[in-house]
Structures are given as structure tokens and as C-alpha cells.
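J.: Got model_28.pdb for you, PDB, C-alpha atoms:
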```
ATOM      1  CA  MET A   4      68.123 131.588  81.089
ATOM      2  CA  GLN A   5      70.096 129.349  83.424
ATOM      3  CA  ALA A   6      72.157 126.677  81.740
ATOM      4  CA  ASP A   7      71.365 123.075  82.493
ATOM      5  CA  ALA A   8      73.569 121.633  85.219
ATOM      6  CA  GLN A   9      76.185 119.262  83.969
ATOM      7  CA  PRO A  10      75.893 115.689  85.322
ATOM      8  CA  ALA A  11      78.454 114.839  87.990
ATOM      9  CA  GLN A  12      81.305 112.680  86.796
ATOM     10  CA  THR A  13      81.660 109.263  88.415
ATOM     11  CA  LEU A  14      84.980 107.623  89.130
ATOM     12  CA  ASP A  15      85.808 104.191  87.908
ATOM     13  CA  PRO A  16      86.656 102.085  91.005
ATOM     14  CA  LEU A  17      89.449 100.454  88.987
ATOM     15  CA  ILE A  18      91.069 103.758  88.164
ATOM     16  CA  SER A  19      94.856 103.846  87.715
ATOM     17  CA  PRO A  20      96.941 104.569  90.849
ATOM     18  CA  PRO A  21      97.600 108.118  92.015
ATOM     19  CA  LEU A  22     100.390 109.872  90.201
ATOM     20  CA  PHE A  23     100.745 112.993  92.316
ATOM     21  CA  ILE A  24     100.802 114.051  95.941
ATOM     22  CA  SER A  25      98.497 116.926  96.760
ATOM     23  CA  SER A  26      99.884 120.061  98.398
ATOM     24  CA  SER A  27      98.169 121.889 101.227
ATOM     25  CA  THR A  28      96.420 124.101  98.643
ATOM     26  CA  GLY A  29      95.068 121.129  96.733
ATOM     27  CA  GLU A  30      97.295 121.703  93.703
ATOM     28  CA  SER A  31      98.982 118.683  92.125
ATOM     29  CA  GLU A  32     102.724 118.364  91.789
ATOM     30  CA  SER A  33     104.264 116.463  88.908
ATOM     31  CA  ALA A  34     107.190 115.125  90.954
ATOM     32  CA  GLY A  35     105.187 113.134  93.448
ATOM     33  CA  PRO A  36     106.021 109.652  94.815
ATOM     34  CA  SER A  37     105.753 106.638  92.505
ATOM     35  CA  TYR A  38     104.125 103.293  93.099
ATOM     36  CA  HIS A  39     106.152 100.137  93.543
ATOM     37  CA  PRO A  40     105.486  97.888  90.519
ATOM     38  CA  LEU A  41     104.776  94.816  92.683
ATOM     39  CA  PHE A  42     102.272  96.671  94.826
ATOM     40  CA  ASN A  43     100.138  98.645  92.425
ATOM     41  CA  SER A  44      97.019  96.517  92.155
ATOM     42  CA  PRO A  45      94.006  98.692  91.336
ATOM     43  CA  ASP A  46      91.771  96.751  93.720
ATOM     44  CA  GLY A  47      93.996  97.424  96.728
ATOM     45  CA  ASP A  48      92.230  99.646  99.245
ATOM     46  CA  THR A  49      95.178 100.810 101.369
ATOM     47  CA  VAL A  50      98.264 102.787 100.377
ATOM     48  CA  LEU A  51     101.458 102.747 102.419
ATOM     49  CA  GLY A  52     104.190 105.285 101.829
ATOM     50  CA  SER A  53     107.866 104.621 102.591
ATOM     51  CA  LYS A  54     110.043 107.319 104.086
ATOM     52  CA  ASN A  55     111.786 107.796 100.727
ATOM     53  CA  GLY A  56     108.472 108.404  98.948
ATOM     54  CA  VAL A  57     107.637 105.081  97.260
ATOM     55  CA  LEU A  58     103.973 104.083  97.524
ATOM     56  CA  PHE A  59     102.628 100.556  98.047
ATOM     57  CA  ARG A  60      98.984  99.745  97.337
ATOM     58  CA  VAL A  61      97.904  96.694  99.335
ATOM     59  CA  HIS A  62      94.743  95.039 100.597
ATOM     60  CA  SER A  63      93.663  96.031 104.087
ATOM     61  CA  PHE A  64      92.596  92.411 104.627
ATOM     62  CA  THR A  65      96.212  91.295 104.175
ATOM     63  CA  LEU A  66      97.430  93.864 106.679
ATOM     64  CA  LYS A  67      94.707  93.060 109.222
ATOM     65  CA  THR A  68      95.282  89.302 109.103
ATOM     66  CA  THR A  69      99.083  89.426 109.291
ATOM     67  CA  SER A  70      99.721  92.424 111.557
ATOM     68  CA  GLY A  71      98.407  93.050 115.032
ATOM     69  CA  TRP A  72      99.311  96.715 114.710
ATOM     70  CA  PHE A  73      97.292  97.250 111.537
ATOM     71  CA  ARG A  74      94.458  95.095 112.850
ATOM     72  CA  THR A  75      94.159  97.419 115.824
ATOM     73  CA  MET A  76      94.463 100.504 113.657
ATOM     74  CA  PHE A  77      91.696  99.420 111.292
ATOM     75  CA  SER A  78      89.431  98.553 114.226
ATOM     76  CA  LEU A  79      89.515 102.146 115.448
ATOM     77  CA  PRO A  80      86.861 104.642 114.306
ATOM     78  CA  GLN A  81      87.972 106.058 110.949
ATOM     79  CA  ARG A  82      87.777 109.702 109.965
ATOM     80  CA  SER A  83      85.472 110.579 107.091
ATOM     81  CA  GLY A  84      86.945 111.354 103.700
ATOM     82  CA  SER A  85      86.408 115.078 104.230
ATOM     83  CA  SER A  86      88.150 115.161 107.600
ATOM     84  CA  THR A  87      91.568 116.626 107.981
ATOM     85  CA  SER A  88      94.122 113.807 108.072
ATOM     86  CA  ASP A  89      96.599 113.488 110.921
ATOM     87  CA  SER A  90     100.385 113.660 110.773
ATOM     88  CA  THR A  91     100.744 110.085 109.504
ATOM     89  CA  GLN A  92      98.435 110.466 106.531
ATOM     90  CA  GLU A  93      98.275 112.652 103.421
ATOM     91  CA  THR A  94      95.841 112.723 100.512
ATOM     92  CA  ALA A  95      96.973 111.595  97.093
ATOM     93  CA  VAL A  96      95.187 113.083  94.097
ATOM     94  CA  ALA A  97      95.312 111.369  90.706
ATOM     95  CA  SER A  98      94.553 113.267  87.532
ATOM     96  CA  THR A  99      92.731 111.201  84.931
ATOM     97  CA  SER A 100      90.629 111.866  81.905
ATOM     98  CA  SER A 101      87.513 111.311  83.966
ATOM     99  CA  GLY A 102      88.376 113.399  87.009
ATOM    100  CA  THR A 103      90.323 113.075  90.251
ATOM    101  CA  LEU A 104      90.562 110.404  92.924
ATOM    102  CA  SER A 105      91.508 111.029  96.548
ATOM    103  CA  GLU A 106      92.751 108.394  98.992
ATOM    104  CA  ASN A 107      94.616 108.301 102.274
ATOM    105  CA  ILE A 108      98.283 107.376 102.364
ATOM    106  CA  ILE A 109      99.699 105.866 105.545
ATOM    107  CA  TYR A 110     103.326 106.931 105.766
ATOM    108  CA  VAL A 111     105.652 104.652 107.747
ATOM    109  CA  ASP A 112     109.205 104.949 109.013
ATOM    110  CA  GLU A 113     110.697 102.216 106.812
ATOM    111  CA  ASP A 114     112.490 102.812 103.526
ATOM    112  CA  SER A 115     111.185 101.252 100.329
ATOM    113  CA  THR A 116     113.611  98.298 100.424
ATOM    114  CA  THR A 117     112.556  97.233 103.915
ATOM    115  CA  LEU A 118     108.869  97.868 103.261
ATOM    116  CA  GLU A 119     109.010  95.871 100.036
ATOM    117  CA  SER A 120     110.609  92.894 101.803
ATOM    118  CA  LEU A 121     108.058  93.060 104.605
ATOM    119  CA  LEU A 122     105.085  93.205 102.243
ATOM    120  CA  ARG A 123     106.490  90.400 100.094
ATOM    121  CA  LEU A 124     106.669  88.125 103.126
ATOM    122  CA  ILE A 125     103.074  88.750 104.170
ATOM    123  CA  SER A 126     101.584  88.749 100.662
ATOM    124  CA  GLY A 127     102.712  85.353  99.402
ATOM    125  CA  LEU A 128     105.114  86.823  96.852
ATOM    126  CA  PRO A 129     108.588  85.349  96.203
ATOM    127  CA  ILE A 130     110.819  85.864  99.224
ATOM    128  CA  PRO A 131     113.390  88.628  98.674
ATOM    129  CA  LYS A 132     117.107  87.999  98.955
ATOM    130  CA  LEU A 133     117.875  87.992 102.671
ATOM    131  CA  ASP A 134     121.587  87.306 102.919
ATOM    132  CA  SER A 135     123.040  89.949 105.234
ATOM    133  CA  TYR A 136     122.486  91.404 108.679
ATOM    134  CA  ASP A 137     122.083  94.859 107.149
ATOM    135  CA  THR A 138     119.047  93.482 105.306
ATOM    136  CA  ILE A 139     117.346  91.448 108.009
ATOM    137  CA  GLU A 140     117.888  93.734 111.006
ATOM    138  CA  PRO A 141     115.635  96.575 109.778
ATOM    139  CA  LEU A 142     113.179  93.950 108.517
ATOM    140  CA  LEU A 143     112.995  92.309 111.935
ATOM    141  CA  TYR A 144     112.617  95.672 113.626
ATOM    142  CA  ALA A 145     109.687  96.535 111.365
ATOM    143  CA  ALA A 146     108.066  93.114 111.785
ATOM    144  CA  GLU A 147     108.287  93.414 115.550
ATOM    145  CA  LYS A 148     106.932  96.971 115.511
ATOM    146  CA  TYR A 149     103.921  96.033 113.416
ATOM    147  CA  ASP A 150     103.388  92.754 115.307
ATOM    148  CA  MET A 151     103.923  90.508 112.273
ATOM    149  CA  PRO A 152     104.828  86.989 113.487
ATOM    150  CA  GLY A 153     105.023  85.604 109.943
ATOM    151  CA  PRO A 154     108.114  87.550 108.782
ATOM    152  CA  LEU A 155     109.726  87.027 112.187
ATOM    153  CA  SER A 156     109.380  83.241 111.911
ATOM    154  CA  LEU A 157     110.701  83.185 108.340
ATOM    155  CA  VAL A 158     113.812  85.166 109.244
ATOM    156  CA  ARG A 159     114.312  82.979 112.310
ATOM    157  CA  ALA A 160     114.469  79.940 110.037
ATOM    158  CA  LEU A 161     117.047  81.646 107.816
ATOM    159  CA  ILE A 162     119.535  82.806 110.429
ATOM    160  CA  SER A 163     120.825  79.300 111.092
ATOM    161  CA  THR A 164     122.294  79.234 107.590
ATOM    162  CA  SER A 165     125.305  80.854 106.004
ATOM    163  CA  PRO A 166     126.284  83.713 105.854
ATOM    164  CA  PHE A 167     124.690  84.579 109.207
ATOM    165  CA  THR A 168     126.558  81.855 111.095
ATOM    166  CA  SER A 169     129.868  83.336 109.932
ATOM    167  CA  ASP A 170     129.402  86.148 112.481
ATOM    168  CA  PRO A 171     128.384  84.278 115.644
ATOM    169  CA  LEU A 172     128.533  87.275 117.985
ATOM    170  CA  ARG A 173     126.177  89.309 115.838
ATOM    171  CA  LEU A 174     123.967  86.263 115.493
ATOM    172  CA  TYR A 175     123.969  85.777 119.275
ATOM    173  CA  THR A 176     123.061  89.438 119.762
ATOM    174  CA  LEU A 177     120.181  89.179 117.292
ATOM    175  CA  CYS A 178     118.797  85.981 118.799
ATOM    176  CA  CYS A 179     118.951  87.374 122.332
ATOM    177  CA  ARG A 180     117.178  90.506 121.132
ATOM    178  CA  TYR A 181     114.182  88.518 119.875
ATOM    179  CA  GLY A 182     114.203  85.784 122.510
ATOM    180  CA  TRP A 183     115.221  82.936 120.210
ATOM    181  CA  THR A 184     116.772  80.730 122.891
ATOM    182  CA  SER A 185     117.859  77.672 120.895
ATOM    183  CA  GLU A 186     119.443  79.797 118.160
ATOM    184  CA  ALA A 187     121.168  81.959 120.782
ATOM    185  CA  GLN A 188     122.645  78.850 122.406
ATOM    186  CA  SER A 189     123.896  77.601 119.052
ATOM    187  CA  ALA A 190     125.460  81.001 118.336
ATOM    188  CA  SER A 191     127.140  81.008 121.750
ATOM    189  CA  THR A 192     128.760  77.681 120.884
ATOM    190  CA  GLN A 193     130.031  79.098 117.600
ATOM    191  CA  SER A 194     131.395  82.143 119.449
ATOM    192  CA  LEU A 195     133.889  79.903 121.252
ATOM    193  CA  THR A 196     136.185  80.286 118.261
ATOM    194  CA  LEU A 197     136.481  84.012 119.032
ATOM    195  CA  ASN A 198     138.334  86.066 121.593
ATOM    196  CA  ILE A 199     135.472  88.177 122.899
ATOM    197  CA  HIS A 200     137.974  90.385 124.747
ATOM    198  CA  SER A 201     139.283  91.724 121.456
ATOM    199  CA  PRO A 202     138.428  95.424 120.874
ATOM    200  CA  THR A 203     137.016  94.536 117.453
ATOM    201  CA  HIS A 204     134.034  92.811 119.102
ATOM    202  CA  ARG A 205     133.227  95.577 121.573
ATOM    203  CA  PRO A 206     130.629  97.383 119.369
ATOM    204  CA  THR A 207     128.657  94.142 118.969
ATOM    205  CA  LEU A 208     128.860  93.200 122.643
ATOM    206  CA  LEU A 209     127.608  96.634 123.682
ATOM    207  CA  LYS A 210     124.291  95.814 121.994
ATOM    208  CA  LEU A 211     123.686  92.888 124.363
ATOM    209  CA  SER A 212     121.629  93.118 127.506
ATOM    210  CA  THR A 213     123.537  92.726 130.755
ATOM    211  CA  THR A 214     122.193  89.217 131.316
ATOM    212  CA  ALA A 215     123.007  88.023 127.799
ATOM    213  CA  LEU A 216     126.515  89.482 127.980
ATOM    214  CA  LEU A 217     127.273  87.945 131.381
ATOM    215  CA  ASN A 218     125.992  84.559 130.223
ATOM    216  CA  LEU A 219     128.366  84.648 127.263
ATOM    217  CA  VAL A 220     131.344  85.803 129.326
ATOM    218  CA  ASP A 221     130.612  83.114 131.932
ATOM    219  CA  LEU A 222     130.606  80.443 129.228
ATOM    220  CA  HIS A 223     133.999  81.514 127.877
ATOM    221  CA  TYR A 224     135.561  81.769 131.339
ATOM    222  CA  ALA A 225     133.998  78.518 132.555
ATOM    223  CA  ARG A 226     135.682  76.495 129.831
ATOM    224  CA  ARG A 227     139.111  77.856 130.676
ATOM    225  CA  ASP A 228     138.709  77.629 134.451
ATOM    226  CA  THR A 229     137.155  74.164 134.404
ATOM    227  CA  LEU A 230     139.947  72.847 132.206
ATOM    228  CA  ARG A 231     142.574  74.375 134.480
ATOM    229  CA  THR A 232     141.026  72.650 137.487
ATOM    230  CA  ARG A 233     140.737  69.287 135.744
ATOM    231  CA  LEU A 234     144.370  69.352 134.593
ATOM    232  CA  ASN A 235     145.398  69.251 138.268
ATOM    233  CA  GLU A 236     143.267  66.211 139.027
ATOM    234  CA  PRO A 237     143.847  62.504 138.262
ATOM    235  CA  PRO A 238     144.815  61.060 135.886
ATOM    236  CA  PHE A 239     147.000  64.139 135.363
ATOM    237  CA  VAL A 240     150.132  64.837 137.363
ATOM    238  CA  ASN A 241     149.775  67.346 140.186
ATOM    239  CA  ASP A 242     152.820  69.589 139.880
ATOM    240  CA  ASP A 243     152.117  71.451 143.136
ATOM    241  CA  SER A 244     153.776  68.801 145.285
ATOM    242  CA  GLU A 245     156.836  66.604 145.106
ATOM    243  CA  ALA A 246     156.546  63.451 143.033
ATOM    244  CA  SER A 247     158.735  60.544 142.133
ATOM    245  CA  CYS A 248     159.527  58.817 138.875
ATOM    246  CA  SER A 249     157.136  55.946 138.273
ATOM    247  CA  HIS A 250     160.045  53.755 137.139
ATOM    248  CA  CYS A 251     162.955  54.358 139.495
ATOM    249  CA  GLY A 252     161.351  56.274 142.367
ATOM    250  CA  VAL A 253     163.693  59.270 142.205
ATOM    251  CA  LEU A 254     162.140  62.639 143.020
ATOM    252  CA  VAL A 255     161.381  64.666 139.908
ATOM    253  CA  LYS A 256     160.049  68.139 139.191
ATOM    254  CA  TYR A 257     157.230  68.353 136.690
ATOM    255  CA  HIS A 258     158.049  71.894 135.591
ATOM    256  CA  THR A 259     157.581  71.079 131.886
ATOM    257  CA  TRP A 260     154.024  69.895 132.553
ATOM    258  CA  ARG A 261     153.335  73.040 134.587
ATOM    259  CA  GLU A 262     154.544  75.222 131.702
ATOM    260  CA  LEU A 263     152.434  73.288 129.203
ATOM    261  CA  LYS A 264     149.323  73.711 131.348
ATOM    262  CA  PHE A 265     149.915  77.459 131.435
ATOM    263  CA  VAL A 266     150.147  77.593 127.643
ATOM    264  CA  ILE A 267     146.990  75.476 127.298
ATOM    265  CA  CYS A 268     144.981  77.767 129.571
ATOM    266  CA  SER A 269     146.319  80.870 127.835
ATOM    267  CA  GLU A 270     145.176  79.467 124.497
ATOM    268  CA  MET A 271     141.755  78.640 125.941
ATOM    269  CA  ASP A 272     141.434  82.251 127.041
ATOM    270  CA  VAL A 273     141.927  83.385 123.434
ATOM    271  CA  ARG A 274     140.002  80.576 121.728
ATOM    272  CA  PRO A 275     137.790  78.715 124.233
ATOM    273  CA  MET A 276     136.698  76.145 121.671
ATOM    274  CA  GLY A 277     139.917  74.245 122.400
ATOM    275  CA  ASP A 278     140.350  72.972 118.848
ATOM    276  CA  THR A 279     143.707  74.729 118.417
ATOM    277  CA  VAL A 280     144.940  73.051 121.588
ATOM    278  CA  LEU A 281     144.098  69.571 120.359
ATOM    279  CA  GLU A 282     144.802  69.850 116.644
ATOM    280  CA  LYS A 283     148.046  71.787 116.678
ATOM    281  CA  GLY A 284     149.169  73.096 120.052
ATOM    282  CA  LEU A 285     149.890  69.842 121.864
ATOM    283  CA  ASN A 286     152.025  68.686 118.966
ATOM    284  CA  GLU A 287     153.782  71.846 117.816
ATOM    285  CA  TRP A 288     154.099  74.241 120.767
ATOM    286  CA  PRO A 289     157.660  74.448 122.155
ATOM    287  CA  ALA A 290     156.242  73.847 125.626
ATOM    288  CA  ALA A 291     154.519  70.681 124.362
ATOM    289  CA  LYS A 292     157.663  69.355 122.706
ATOM    290  CA  ALA A 293     159.643  70.031 125.887
ATOM    291  CA  CYS A 294     157.041  68.208 127.964
ATOM    292  CA  TRP A 295     156.886  65.093 125.788
ATOM    293  CA  SER A 296     160.667  64.867 125.622
ATOM    294  CA  ALA A 297     161.243  65.366 129.375
ATOM    295  CA  LYS A 298     163.082  62.431 130.957
ATOM    296  CA  CYS A 299     164.039  61.250 134.396
ATOM    297  CA  LYS A 300     167.657  62.172 135.123
ATOM    298  CA  SER A 301     168.161  58.887 136.904
ATOM    299  CA  CYS A 302     166.687  56.217 134.610
ATOM    300  CA  ASP A 303     166.451  58.292 131.410
ATOM    301  CA  ARG A 304     162.855  57.308 130.772
ATOM    302  CA  VAL A 305     160.229  59.782 129.536
ATOM    303  CA  LEU A 306     158.123  61.252 132.310
ATOM    304  CA  TYR A 307     154.817  61.580 130.405
ATOM    305  CA  ASP A 308     152.870  59.231 128.166
ATOM    306  CA  LYS A 309     152.019  61.556 125.273
ATOM    307  CA  GLU A 310     149.238  59.483 123.718
ATOM    308  CA  GLN A 311     147.384  58.859 126.956
ATOM    309  CA  THR A 312     147.775  62.477 128.034
ATOM    310  CA  LEU A 313     146.415  63.771 124.712
ATOM    311  CA  ARG A 314     143.480  61.394 124.965
ATOM    312  CA  ALA A 315     142.716  62.508 128.517
ATOM    313  CA  ILE A 316     142.899  66.222 127.591
ATOM    314  CA  ARG A 317     140.561  65.660 124.661
ATOM    315  CA  GLN A 318     138.025  63.923 126.902
ATOM    316  CA  VAL A 319     138.115  66.806 129.360
ATOM    317  CA  ILE A 320     137.635  69.447 126.648
ATOM    318  CA  ASP A 321     134.758  67.485 125.109
ATOM    319  CA  LYS A 322     132.913  67.584 128.457
ATOM    320  CA  LEU A 323     133.340  71.332 129.045
ATOM    321  CA  PRO A 324     130.177  73.506 128.958
ATOM    322  CA  SER A 325     129.447  74.382 125.347
ATOM    323  CA  LYS A 326     126.491  76.797 125.377
ATOM    324  CA  VAL A 327     124.875  79.482 127.476
ATOM    325  CA  GLU A 328     122.168  78.433 129.894
TER     326      GLU A 328
END
```
Just dump the structure as C-alpha cells.

T.:
Amino acid sequence: MQADAQPAQTLDPLISPPLFISSSTGESESAGPSYHPLFNSPDGDTVLGSKNGVLFRVHSFTLKTTSGWFRTMFSLPQRSGSSTSDSTQETAVASTSSGTLSENIIYVDEDSTTLESLLRLISGLPIPKLDSYDTIEPLLYAAEKYDMPGPLSLVRALISTSPFTSDPLRLYTLCCRYGWTSEAQSASTQSLTLNIHSPTHRPTLLKLSTTALLNLVDLHYARRDTLRTRLNEPPFVNDDSEASCSHCGVLVKYHTWRELKFVICSEMDVRPMGDTVLEKGLNEWPAAKACWSAKCKSCDRVLYDKEQTLRAIRQVIDKLPSKVE
């Protein structure tokens, strides 16, 4: 006599998250990936897997409304549960007292730290600690890849604060990469305190596009070259021709002024901001001291008015171009 068929077991839709990853033979392994504690809601209908094996259960609605990439993916015809999954998906099998539960896992290229930060930003959870380029760069890359404008805008608001502004070249590179024009211009201004010709900055500059790099180089050179030109125009003394003392009329050579101009331009080449010229150089450089103490050999009067010259140099530096166009 045939035994009565046992009733099929039904799965509780609020079953606990999968604990194991199924092998190709359908056997469970006890060392499978674990779920992230912040993203383990039983009513989530989508599971993302990081490249280091941490799983994140999230709502497909959240992904579709915050990511153009996922919105497109979910709009495509979906395979049935019995279909063989492609290379980006595997089937997780959970063992419970009432049976097993299968669900698709979408594996992504990001590690668990980056994926956690990204999902926090789109899920309304507390914002993670974003205080270094090593943290935000992979986050921005992921947000751009998945077409998530929300995380991109949040990071954009953060990069104008410390500690990101302490590395203006890296900040400039990042802003140019994502087309953040106003932030890139601000970073280019901050970069004027640096000597971009130093070998230490070469790795960062190599990440720039040709246009962005040339714009930055042009800004640094323009400040030096414009200042050099202006220092040969009124009200400054032109040392290229003969001149006479303004008091006694005797011919004098303005070689000390010519030497000071050379030192000024050399300093602008190293630090185009010009602050070291104004705050220290024009008072402490040997060339500056020699210039301010230079006197006419005939009437023994000083050749240059130090205060007026300093004021005029400051006005010229203040009007130099200060940001990339």
C-alpha cells in the first residue's frame, strides 16, 4: 500500500538570511559569506555581494530609485528562478528548520567597506566617516559606475573641507575627473603654494587630462611671467636703459633692483602664490636688503622708496590670475 504523500513545506517569507553559499552540486558549505549587520533586513528582496564575500540585503526599490544602473538592470526581462544564473549571480541556500530558501546574489566589484559606504548614503543611514582620499576615491568611482548622483553630490560637498584641502593637487585632479568646475578652480588657487615641477607631485599630475594639466601649468607660469613684465613698467624703474638720480641728476645703474627682480621671479616659479615674496622675501633676502640700502654715489640719497615699492608689488601680485579658466 502506497504511503500518503507528505504535504509540501512552505517557507516563511520572513525567514532568516542565507547562511551558506551553494556549490555547483547544490551542497551547502559552512564557510560561506556573512551578511553585513546593517543590511540584513528580512524584507529586503535583493542581495548584493562584495568582492571579499560580505553580503548586503537591500530593497530593490532603493536601488532603482537611486541608481540609473540598477534601474536599467531591473527593467530588463528577469530569468526565472530555475534558470541558470549568469557570471554575476550565484544562488544562496539557507538551511533552516523548515527547509531551504534560494535567492540570487548580485556580486559587484567593490569591497565591503566601499559597498557599505555607498549603501549607507543611498539608504538614509548615518553617513560613514569620509575623511581621506583613499576612502572617497573608490566610493566616487562606484557611484559614477552605478549612476548614483546622490553619493556624488554628498562627497562633492565634503571635499571643500579639511583634510581634503590640505592636498590641493589631488583635490584638483579629483574635481577635474568629475567635472566639478568651481571646486577645481578653488583647488587650483590652493595649488599656488606648491612647486608643481617637483618630482614628488609627478604621480598626481600624471592622472590629469592633458587639458586640465595645461590649464594648471599655464596658471602657474602666467603669474610669474605677468609679474616679471609688470616689474619693468611704471611705476617701477626700468633697469634696461640708463637712468639718472631723481635728486641730483647723476647717471646711476639700477643693478640692485635688477638682481631683486630676478630673485622675486625665481621665488614665484617655486611658489606662485607670492606670499613668501611679500611676507618675508622683500624684507629679509640679501638682494632686498642691498636694494633698499642702495644710494646715489653723488648725493648719497637712497635710490628706492622701500614702502612705496612694497605697496606697488603687493598691488601687482593681488591682480595676478588666481585660478584656472

J.: Just say which residues the PyMOL selection byres ((chain A and resi 219-225) around 7) picks in this file, as an NGL selection string.

T.: :A and (191 or 195 or 215-218 or 226-229 or 275 or 324 or 326-327)

J.: I'd like to see the residues matched by the PyMOL selection byres ((chain A and resi 268) around 12) on this file, and ideally I'd get them as a CSV table (one decimal) with C-alpha atoms, in the coordinates of the input.

T.:
```csv
chain,number,residue,atom,x,y,z
A,223,HIS,CA,134.0,81.5,127.9
A,224,TYR,CA,135.6,81.8,131.3
A,225,ALA,CA,134.0,78.5,132.6
A,226,ARG,CA,135.7,76.5,129.8
A,227,ARG,CA,139.1,77.9,130.7
A,228,ASP,CA,138.7,77.6,134.5
A,229,THR,CA,137.2,74.2,134.4
A,230,LEU,CA,139.9,72.8,132.2
A,231,ARG,CA,142.6,74.4,134.5
A,232,THR,CA,141.0,72.6,137.5
A,233,ARG,CA,140.7,69.3,135.7
A,234,LEU,CA,144.4,69.4,134.6
A,261,ARG,CA,153.3,73.0,134.6
A,262,GLU,CA,154.5,75.2,131.7
A,263,LEU,CA,152.4,73.3,129.2
A,264,LYS,CA,149.3,73.7,131.3
A,265,PHE,CA,149.9,77.5,131.4
A,266,VAL,CA,150.1,77.6,127.6
A,267,ILE,CA,147.0,75.5,127.3
A,269,SER,CA,146.3,80.9,127.8
A,270,GLU,CA,145.2,79.5,124.5
A,271,MET,CA,141.8,78.6,125.9
A,272,ASP,CA,141.4,82.3,127.0
A,273,VAL,CA,141.9,83.4,123.4
A,274,ARG,CA,140.0,80.6,121.7
A,275,PRO,CA,137.8,78.7,124.2
A,276,MET,CA,136.7,76.1,121.7
A,277,GLY,CA,139.9,74.2,122.4
A,279,THR,CA,143.7,74.7,118.4
A,280,VAL,CA,144.9,73.1,121.6
A,284,GLY,CA,149.2,73.1,120.1
A,316,ILE,CA,142.9,66.2,127.6
A,320,ILE,CA,137.6,69.4,126.6
```

J.: Go through A:Val158, A:Ile125, A:Leu323, A:Val305 and flag the residue nearest Ile139 of chain A, using only C-alpha atoms for the distances.

T.: A:Val158

J.: Determine the residue membership of the PyMOL selection byres ((chain A and resi 115-118) around 7) for the file above and supply it as a list of chain:residue names.

T.: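 Those residues are A:Ser53, A:Asn55, A:Val57, A:Glu113, A:Asp114, A:Glu119, A:Ser120, A:Leu121, A:Leu122, A:Pro141, A:Leu142.
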
J.: Calculate how many Å separate atom CA of Val255 of chain A from atom CA of Glu236 of chain A, rounding to one decimal.

T.: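 Here the two named atoms are 18.2 Å from each other.
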
J.: So which one's closest to Lys67 of chain A, A:Gln81, A:Thr49, A:Thr213, A:Gln193? Using all atoms listed in the file, please.

T.: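 Ranked by minimum distance to Lys67 of chain A, first place goes to A:Thr49.
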
J.: Between atom CA of Ser201 of chain A and atom CA of Trp260 of chain A, what is the distance, to one decimal in Å?

T.: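 One can read the atom CA of Ser201 of chain A to atom CA of Trp260 of chain A distance as 28.6 Å.
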
J.: Enumerate, as a PyMOL selection string, the protein, DNA and RNA residues whose atoms approach (134.4, 82.5, 111.1) to within 9 Å, taking into account all atoms listed in the file and the coordinate frame of the file.

T.: chain A and resi 168-171+193-194+196-197
